[in-house]
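Colleague: Here's a structure for you.
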Amino acid sequence: MRLQGKSAVVSGASQGIGAAIATAFAAEGASVLITARSADKLDAVAAAIRATGGTVETLARDLTEPDAAAAAVDTAVAAFGTLDIVAHSAGATKYGDFFALTDRDFEDGFALKYYGAVRLARAAWPHLMRTRGRILNVIGVGARVTDKNFAIGGSVNSALTNFTKAMADRGVTDGVRVNAIHPGPVLTSRIQQRVDFIKKEKGIDQAAAMAEMEAQWKVTRLGRPEDIAALATFIVSDAGDLLQGSVIDMDGGATRAI
């Protein structure tokens with residue numbers, strides 16, 4: 001098991017990519033604290049992890065609250081004794097026409113995904129210095145690829161990518177590895193939001209909207225949360241020890257930028 005004896009905090013872990021990452025970490029031997037807003041969804045993920053012999057604790061908190069990140073770190077350390085890994089996967093942003101978006105929509109996008117990462121890093125850093133730990137931010141290819149209807153997500157993702165690189169630079173000195181994954185289109189509720197937008201905009205059904213999205217991205221299939229989780233597990237394991245400040249696209253070839 002690649003993460004035997006390690007402990008981790010995984011945010012956004014009630015569904016989608018976050019839940020898949022938490023499940024993968026636990027399957028590799030890590031003790032995992034999962035956090036998100038929905039207690040019921042967290043309990044369901046935790047039950048599935050425990051059913052396969054994994055060790056997991058839950059904390060239902062909203063990472064837009066200034067003290068929630070520290071609470072997650074403190075809860076993990078209290079439960080497991082140390083902290084080795086932080087994987088931040090929280091933060092859907094609103095998708096839609098720019099002129100239909102409000103300042104509050106932009107503020108909400110930054111509050112969860114960007115400031116959640118900032119606060120988790122700040123709270124976890126002293127513990128990660130002691131364990132020579134890792135931070136992994138799950139961001140998105142929208143950081144580098146523009147979309148007229150993804151102004152919020154693209155802006156947040158670009159900012160978080162810059163923050164990840166900055167903390168990786170600090171991590172060289174402090175002994176903390178900081179990396180990121182840029183998922184492309186992955187079958188989660190976030191992608192469904194885009195599909196719903198296409199359906200409404202063009203008056204087409206679910207299947208047609210999905211086919212149009214795959215054609216737009218020029219991929220043979222949309223990704224699965226488990227695809228991202230497999231890469232995440234490698235990055236935070238000892239096998240990824242030379243990765244520092246790396247931002248890895250996992251998008252089926254959708255991103256063609258150099």
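All residue names refer to the structure tokens as shown: chains lettered A, B, ... in order, residues numbered from 1 in each chain, ligands numbered from 1 in order.
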Could you pull the residues within 8 Å of Gly252 of chain A, counting only C-alpha atoms, minus those fewer than 5 positions along the same chain, as a VMD selection string?

Modeller: chain A and resid 184 219 to 223

Colleague: If you run DSSP on the backbone here, which positions in segment 187-222 of chain A get alpha helix (DSSP H)? Please write them as a list of chain:residue names.

Modeller: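 DSSP on the backbone gives alpha helix (DSSP H) at A:Ser189, A:Arg190, A:Ile191, A:Gln192, A:Gln193, A:Arg194, A:Val195, A:Asp196, A:Phe197, A:Ile198, A:Lys199, A:Lys200, A:Glu201, A:Lys202, A:Gln206, A:Ala207, A:Ala208, A:Ala209, A:Met210, A:Ala211, A:Glu212, A:Met213, A:Glu214, A:Ala215, A:Gln216, A:Trp217.
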
Colleague: Phe163 of chain A: which residues within 12 Å, counting only C-alpha atoms, same-chain residues fewer than 3 positions away excluded, as a ChimeraX atom specification?

Modeller: /A:113-119,121,135-137,139,156-160,166-171,178-180,245,247

Colleague: Please indicate the distance in Å from atom CA of Asn162 of chain A to atom CA of Ile17 of chain A, rounded to one decimal place.

Modeller: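 Computing the Euclidean distance for atom CA of Asn162 of chain A and atom CA of Ile17 of chain A yields 21.5 Å.
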
Colleague: Can you pull out every residue within 12 Å of Leu231 of chain A, counting only C-alpha atoms, but drop anything in the same chain fewer than 3 positions away, and send it as a compact mmCIF listing (two decimals) with C-alpha atoms, in the first residue's frame?

Modeller:
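Writing done, so here's part_11.txt:
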# COMPACT_ATOMS: atom_id res chain seq x y z
CA ILE A 17 -13.51 13.86 -7.65
CA ALA A 20 -12.91 9.39 -5.39
CA ILE A 21 -9.62 10.79 -4.08
CA ALA A 24 -8.35 5.93 -3.30
CA PHE A 25 -6.20 7.28 -0.47
CA LEU A 136 -2.38 18.65 -3.87
CA VAL A 138 -7.34 19.90 -7.89
CA ASN A 179 1.48 20.16 -6.80
CA ALA A 180 -1.75 20.34 -8.75
CA ILE A 181 -3.90 18.48 -11.24
CA HIS A 182 -5.80 20.20 -14.04
CA PRO A 183 -8.72 17.87 -14.80
CA ARG A 224 -14.18 9.67 -14.53
CA PRO A 225 -13.46 10.81 -10.97
CA GLU A 226 -11.46 7.61 -10.51
CA ASP A 227 -9.08 8.68 -13.29
CA ILE A 228 -8.17 11.81 -11.34
CA PHE A 234 0.65 8.73 -7.38
CA ILE A 235 1.47 12.42 -6.85
CA VAL A 236 1.18 12.29 -3.04
CA SER A 237 2.96 8.93 -2.73
CA ALA A 239 6.73 7.53 -6.13
CA GLY A 240 6.00 11.19 -6.89
CA VAL A 247 0.63 21.14 -12.65
CA ILE A 248 -0.46 18.08 -14.60
CA ASP A 249 -3.22 18.15 -17.22
CA MET A 250 -5.44 15.06 -17.13
CA ASP A 251 -7.95 15.75 -19.85

Colleague: For Ile198 of chain A, which residue among A:Gly96, A:Gly29, A:Gly54, A:Gly81 is the nearest when counting only C-alpha atoms?

Modeller: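 Residue with the minimum atom-to-atom distance to Ile198 of chain A: A:Gly96.
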
Colleague: Please, which residues of segment 3-179 of chain A, numbered as in this document, come out strand (DSSP E or B) from DSSP, as a PyMOL selection string?

Modeller: chain A and resi 7-11+31-36+55-60+85-88+134-138+177-179

Colleague: One number please: atom CA of Arg104 of chain A to atom CA of Arg37 of chain A, in Å, one decimal.

Modeller: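 Here the two named atoms are 19.4 Å from each other.
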
Colleague: Determine, counting only C-alpha atoms, which protein, DNA and RNA residues have an atom within 7 Å of an atom of Ala69 of chain A; residues of the same chain fewer than 3 positions away are not included. Present the result as a ChimeraX atom specification.

Modeller: /A:63,72-73,116,119-120,123

Colleague: For the residues in that selection, give me C-alpha atoms as a tab-separated table (two decimals), in the first residue's frame.

Modeller:
chain	number	residue	atom	x	y	z
A	63	LEU	CA	-14.83	26.06	3.62
A	72	ALA	CA	-10.46	20.31	9.39
A	73	VAL	CA	-6.72	20.23	10.03
A	116	GLY	CA	-10.24	27.35	0.76
A	119	ARG	CA	-6.58	28.64	4.40
A	120	LEU	CA	-5.91	24.90	4.22
A	123	ALA	CA	-3.41	25.76	8.73

Colleague: Give me the residues within 9 Å of Arg132 of chain A as a compact mmCIF listing (two decimals) with N, CA and C atoms, in the first residue's frame, counting only C-alpha atoms and dropping any in the same chain fewer than 2 places off.

Modeller:
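Saved as selection_35.txt:
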# COMPACT_ATOMS: atom_id res chain seq x y z
N ASP A 84 -0.07 14.28 6.95
CA ASP A 84 0.90 14.10 5.88
C ASP A 84 0.45 14.68 4.54
N HIS A 127 2.26 21.42 10.32
CA HIS A 127 2.21 19.96 10.46
C HIS A 127 2.93 19.29 9.29
N LEU A 128 2.73 19.81 8.10
CA LEU A 128 3.36 19.22 6.91
C LEU A 128 4.87 19.42 6.90
N MET A 129 5.35 20.50 7.49
CA MET A 129 6.79 20.68 7.63
C MET A 129 7.38 19.57 8.50
N ARG A 130 6.67 19.20 9.55
CA ARG A 130 7.18 18.16 10.46
C ARG A 130 7.19 16.79 9.79
N ARG A 134 2.62 16.73 1.88
CA ARG A 134 2.26 17.11 0.52
C ARG A 134 0.93 17.87 0.50
N ASP A 174 10.92 24.56 2.92
CA ASP A 174 10.29 24.02 4.13
C ASP A 174 10.07 22.51 4.10
N GLY A 175 10.37 21.87 2.98
CA GLY A 175 10.22 20.42 2.91
C GLY A 175 8.80 19.95 2.69
N VAL A 176 7.99 20.77 2.04
CA VAL A 176 6.60 20.40 1.73
C VAL A 176 6.44 20.36 0.21
N ARG A 177 5.92 19.27 -0.31
CA ARG A 177 5.68 19.17 -1.75
C ARG A 177 4.30 19.72 -2.08

Colleague: To one decimal place, how far is atom CA of Gly18 of chain A from atom CA of Val77 of chain A in Å?

Modeller: 19.7 Å

Colleague: Under the rule that only C-alpha atoms are counted, which of A:Leu42, A:Ala257, A:Ile204, A:Ala232 is the nearest residue to Arg144 of chain A?

Modeller: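 Nearest candidate to Arg144 of chain A out of A:Leu42, A:Ala257, A:Ile204, A:Ala232: A:Ala257.
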